[in-house]
Amino acid sequence: MNHKALDFTALTIAIIGAINWGLIGFFSFDLVAFIFGNMSWFSRIVYALVGLCGIYLVSFYMYAGNSAKEST
């Protein structure tokens with residue numbers, strides 16, 4: 001089954017999370033905490049969604065493996 005909308009949504013949320021981690025690593029600036037408050041319920045939901053999207057995107061490795069086998 002094709003889940004393009006879910007794939008794009010998960011990828012977008014994961015990219016936002018990666019940008020946030022880059023800001024934390026380079027500048028010690030947590031954008032999510034700045035916008036939603038330090039460990040407020042909403043910021044915890046955002047962090048949880050980023051984590052769930054990252055776990056979901058692990059399934060992309062299966063797609064990459066299947067396409068590599070089909071091309072040979």
# chains A, B, ... in the order shown; residues from 1 in each chain; ligands from 1
>>> residues_around(residues="range 6-20 of chain A", least_positions_apart="2", cutoff="9 Å", atoms="only C-alpha atoms", output="VMD selection string")
chain A and resid 3 to 4 22 to 25 29 to 32 46 to 47 49 to 54 56 to 57
>>> write_last_selection(atoms="all heavy atoms", output="short mmCIF file (atom, residue, chain, number, x, y, z; two decimals), in the first residue's frame")
data_model
loop_
_atom_site.label_atom_id
_atom_site.label_comp_id
_atom_site.auth_asym_id
_atom_site.auth_seq_id
_atom_site.Cartn_x
_atom_site.Cartn_y
_atom_site.Cartn_z
N HIS A 3 1.72 4.95 1.06
CA HIS A 3 1.47 5.90 2.15
C HIS A 3 2.24 7.20 1.93
O HIS A 3 2.96 7.66 2.82
CB HIS A 3 1.89 5.29 3.49
CG HIS A 3 1.13 4.08 3.86
ND1 HIS A 3 1.65 2.83 3.73
CD2 HIS A 3 -0.12 3.92 4.35
CE1 HIS A 3 0.77 1.95 4.15
NE2 HIS A 3 -0.32 2.59 4.51
N LYS A 4 2.13 7.79 0.75
CA LYS A 4 2.94 8.96 0.44
C LYS A 4 2.70 10.11 1.41
O LYS A 4 3.65 10.77 1.83
CB LYS A 4 2.68 9.42 -0.99
CG LYS A 4 3.44 8.65 -2.00
CD LYS A 4 3.44 9.36 -3.33
CE LYS A 4 4.41 8.64 -4.23
NZ LYS A 4 4.72 9.39 -5.41
N GLY A 22 20.33 20.25 15.50
CA GLY A 22 21.47 21.02 15.01
C GLY A 22 21.62 22.34 15.74
O GLY A 22 22.73 22.75 16.09
N LEU A 23 20.49 23.01 15.98
CA LEU A 23 20.53 24.26 16.74
C LEU A 23 21.02 24.03 18.16
O LEU A 23 21.79 24.83 18.71
CB LEU A 23 19.14 24.92 16.76
CG LEU A 23 18.67 25.52 15.45
CD1 LEU A 23 17.21 25.94 15.57
CD2 LEU A 23 19.53 26.71 15.08
N ILE A 24 20.60 22.93 18.75
CA ILE A 24 21.06 22.60 20.11
C ILE A 24 22.56 22.33 20.10
O ILE A 24 23.31 22.83 20.95
CB ILE A 24 20.30 21.39 20.68
CG1 ILE A 24 18.84 21.76 20.94
CG2 ILE A 24 20.95 20.89 21.96
CD1 ILE A 24 17.94 20.57 21.27
N GLY A 25 23.01 21.55 19.12
CA GLY A 25 24.44 21.19 19.06
C GLY A 25 25.35 22.36 18.76
O GLY A 25 26.42 22.49 19.36
N PHE A 29 20.72 26.21 21.54
CA PHE A 29 19.42 26.86 21.45
C PHE A 29 18.37 25.83 21.07
O PHE A 29 18.42 25.23 19.99
CB PHE A 29 19.45 27.98 20.40
CG PHE A 29 18.12 28.67 20.22
CD1 PHE A 29 17.64 29.52 21.20
CD2 PHE A 29 17.37 28.45 19.09
CE1 PHE A 29 16.41 30.15 21.04
CE2 PHE A 29 16.15 29.07 18.91
CZ PHE A 29 15.66 29.92 19.89
N ASP A 30 17.43 25.59 21.97
CA ASP A 30 16.36 24.62 21.74
C ASP A 30 15.13 25.37 21.22
O ASP A 30 14.43 26.04 21.98
CB ASP A 30 16.05 23.89 23.04
CG ASP A 30 15.09 22.73 22.84
OD1 ASP A 30 14.51 22.60 21.75
OD2 ASP A 30 14.93 21.94 23.80
N LEU A 31 14.89 25.26 19.93
CA LEU A 31 13.80 26.00 19.30
C LEU A 31 12.43 25.54 19.81
O LEU A 31 11.55 26.37 20.04
CB LEU A 31 13.87 25.83 17.78
CG LEU A 31 12.85 26.61 16.96
CD1 LEU A 31 13.06 28.11 17.16
CD2 LEU A 31 12.98 26.25 15.50
N VAL A 32 12.25 24.25 20.03
CA VAL A 32 10.97 23.74 20.53
C VAL A 32 10.69 24.29 21.92
O VAL A 32 9.58 24.75 22.21
CB VAL A 32 10.94 22.20 20.52
CG1 VAL A 32 9.68 21.66 21.18
CG2 VAL A 32 11.06 21.67 19.10
N VAL A 46 5.61 17.30 20.95
CA VAL A 46 6.43 17.55 19.75
C VAL A 46 7.64 16.62 19.74
O VAL A 46 7.94 15.98 18.73
CB VAL A 46 6.87 19.03 19.67
CG1 VAL A 46 7.91 19.24 18.58
CG2 VAL A 46 5.67 19.92 19.45
N TYR A 47 8.33 16.49 20.88
CA TYR A 47 9.49 15.60 20.96
C TYR A 47 9.07 14.15 20.71
O TYR A 47 9.77 13.40 20.02
CB TYR A 47 10.16 15.71 22.32
CG TYR A 47 10.85 17.02 22.57
CD1 TYR A 47 10.65 17.71 23.76
CD2 TYR A 47 11.71 17.57 21.64
CE1 TYR A 47 11.27 18.92 24.01
CE2 TYR A 47 12.34 18.79 21.88
CZ TYR A 47 12.12 19.44 23.06
OH TYR A 47 12.76 20.63 23.30
N LEU A 49 6.49 13.10 18.92
CA LEU A 49 6.17 12.95 17.49
C LEU A 49 7.43 12.83 16.64
O LEU A 49 7.49 12.03 15.71
CB LEU A 49 5.32 14.13 17.01
CG LEU A 49 3.86 14.10 17.39
CD1 LEU A 49 3.17 15.40 16.96
CD2 LEU A 49 3.16 12.91 16.77
N VAL A 50 8.44 13.62 16.97
CA VAL A 50 9.70 13.54 16.23
C VAL A 50 10.31 12.15 16.42
O VAL A 50 10.78 11.53 15.45
CB VAL A 50 10.68 14.64 16.69
CG1 VAL A 50 12.08 14.40 16.13
CG2 VAL A 50 10.17 16.01 16.28
N GLY A 51 10.27 11.63 17.63
CA GLY A 51 10.80 10.29 17.88
C GLY A 51 10.02 9.21 17.15
O GLY A 51 10.62 8.30 16.55
N LEU A 52 8.70 9.30 17.16
CA LEU A 52 7.88 8.32 16.44
C LEU A 52 8.12 8.38 14.94
O LEU A 52 8.17 7.34 14.27
CB LEU A 52 6.40 8.55 16.75
CG LEU A 52 5.94 8.17 18.16
CD1 LEU A 52 4.50 8.60 18.38
CD2 LEU A 52 6.11 6.68 18.38
N CYS A 53 8.27 9.58 14.42
CA CYS A 53 8.55 9.73 12.99
C CYS A 53 9.91 9.13 12.64
O CYS A 53 10.07 8.50 11.59
CB CYS A 53 8.49 11.19 12.56
SG CYS A 53 6.81 11.82 12.56
N GLY A 54 10.88 9.32 13.51
CA GLY A 54 12.19 8.71 13.28
C GLY A 54 12.12 7.20 13.27
O GLY A 54 12.73 6.54 12.41
N TYR A 56 9.44 5.44 12.52
CA TYR A 56 8.72 5.08 11.29
C TYR A 56 9.64 5.15 10.07
O TYR A 56 9.58 4.30 9.18
CB TYR A 56 7.52 6.01 11.09
CG TYR A 56 6.83 5.83 9.77
CD1 TYR A 56 6.03 4.72 9.54
CD2 TYR A 56 7.00 6.74 8.73
CE1 TYR A 56 5.40 4.54 8.32
CE2 TYR A 56 6.38 6.57 7.51
CZ TYR A 56 5.58 5.46 7.32
OH TYR A 56 4.96 5.28 6.11
N LEU A 57 10.52 6.14 10.04
CA LEU A 57 11.40 6.31 8.88
C LEU A 57 12.47 5.23 8.79
O LEU A 57 13.11 5.08 7.74
CB LEU A 57 12.04 7.70 8.91
CG LEU A 57 11.06 8.84 8.64
CD1 LEU A 57 11.75 10.18 8.81
CD2 LEU A 57 10.47 8.72 7.25
#
>>> select_by_dssp(residues="chain A", states="helix (DSSP H, G or I)", output="ChimeraX atom specification")
/A:4-27,31-36,41-57,60-71
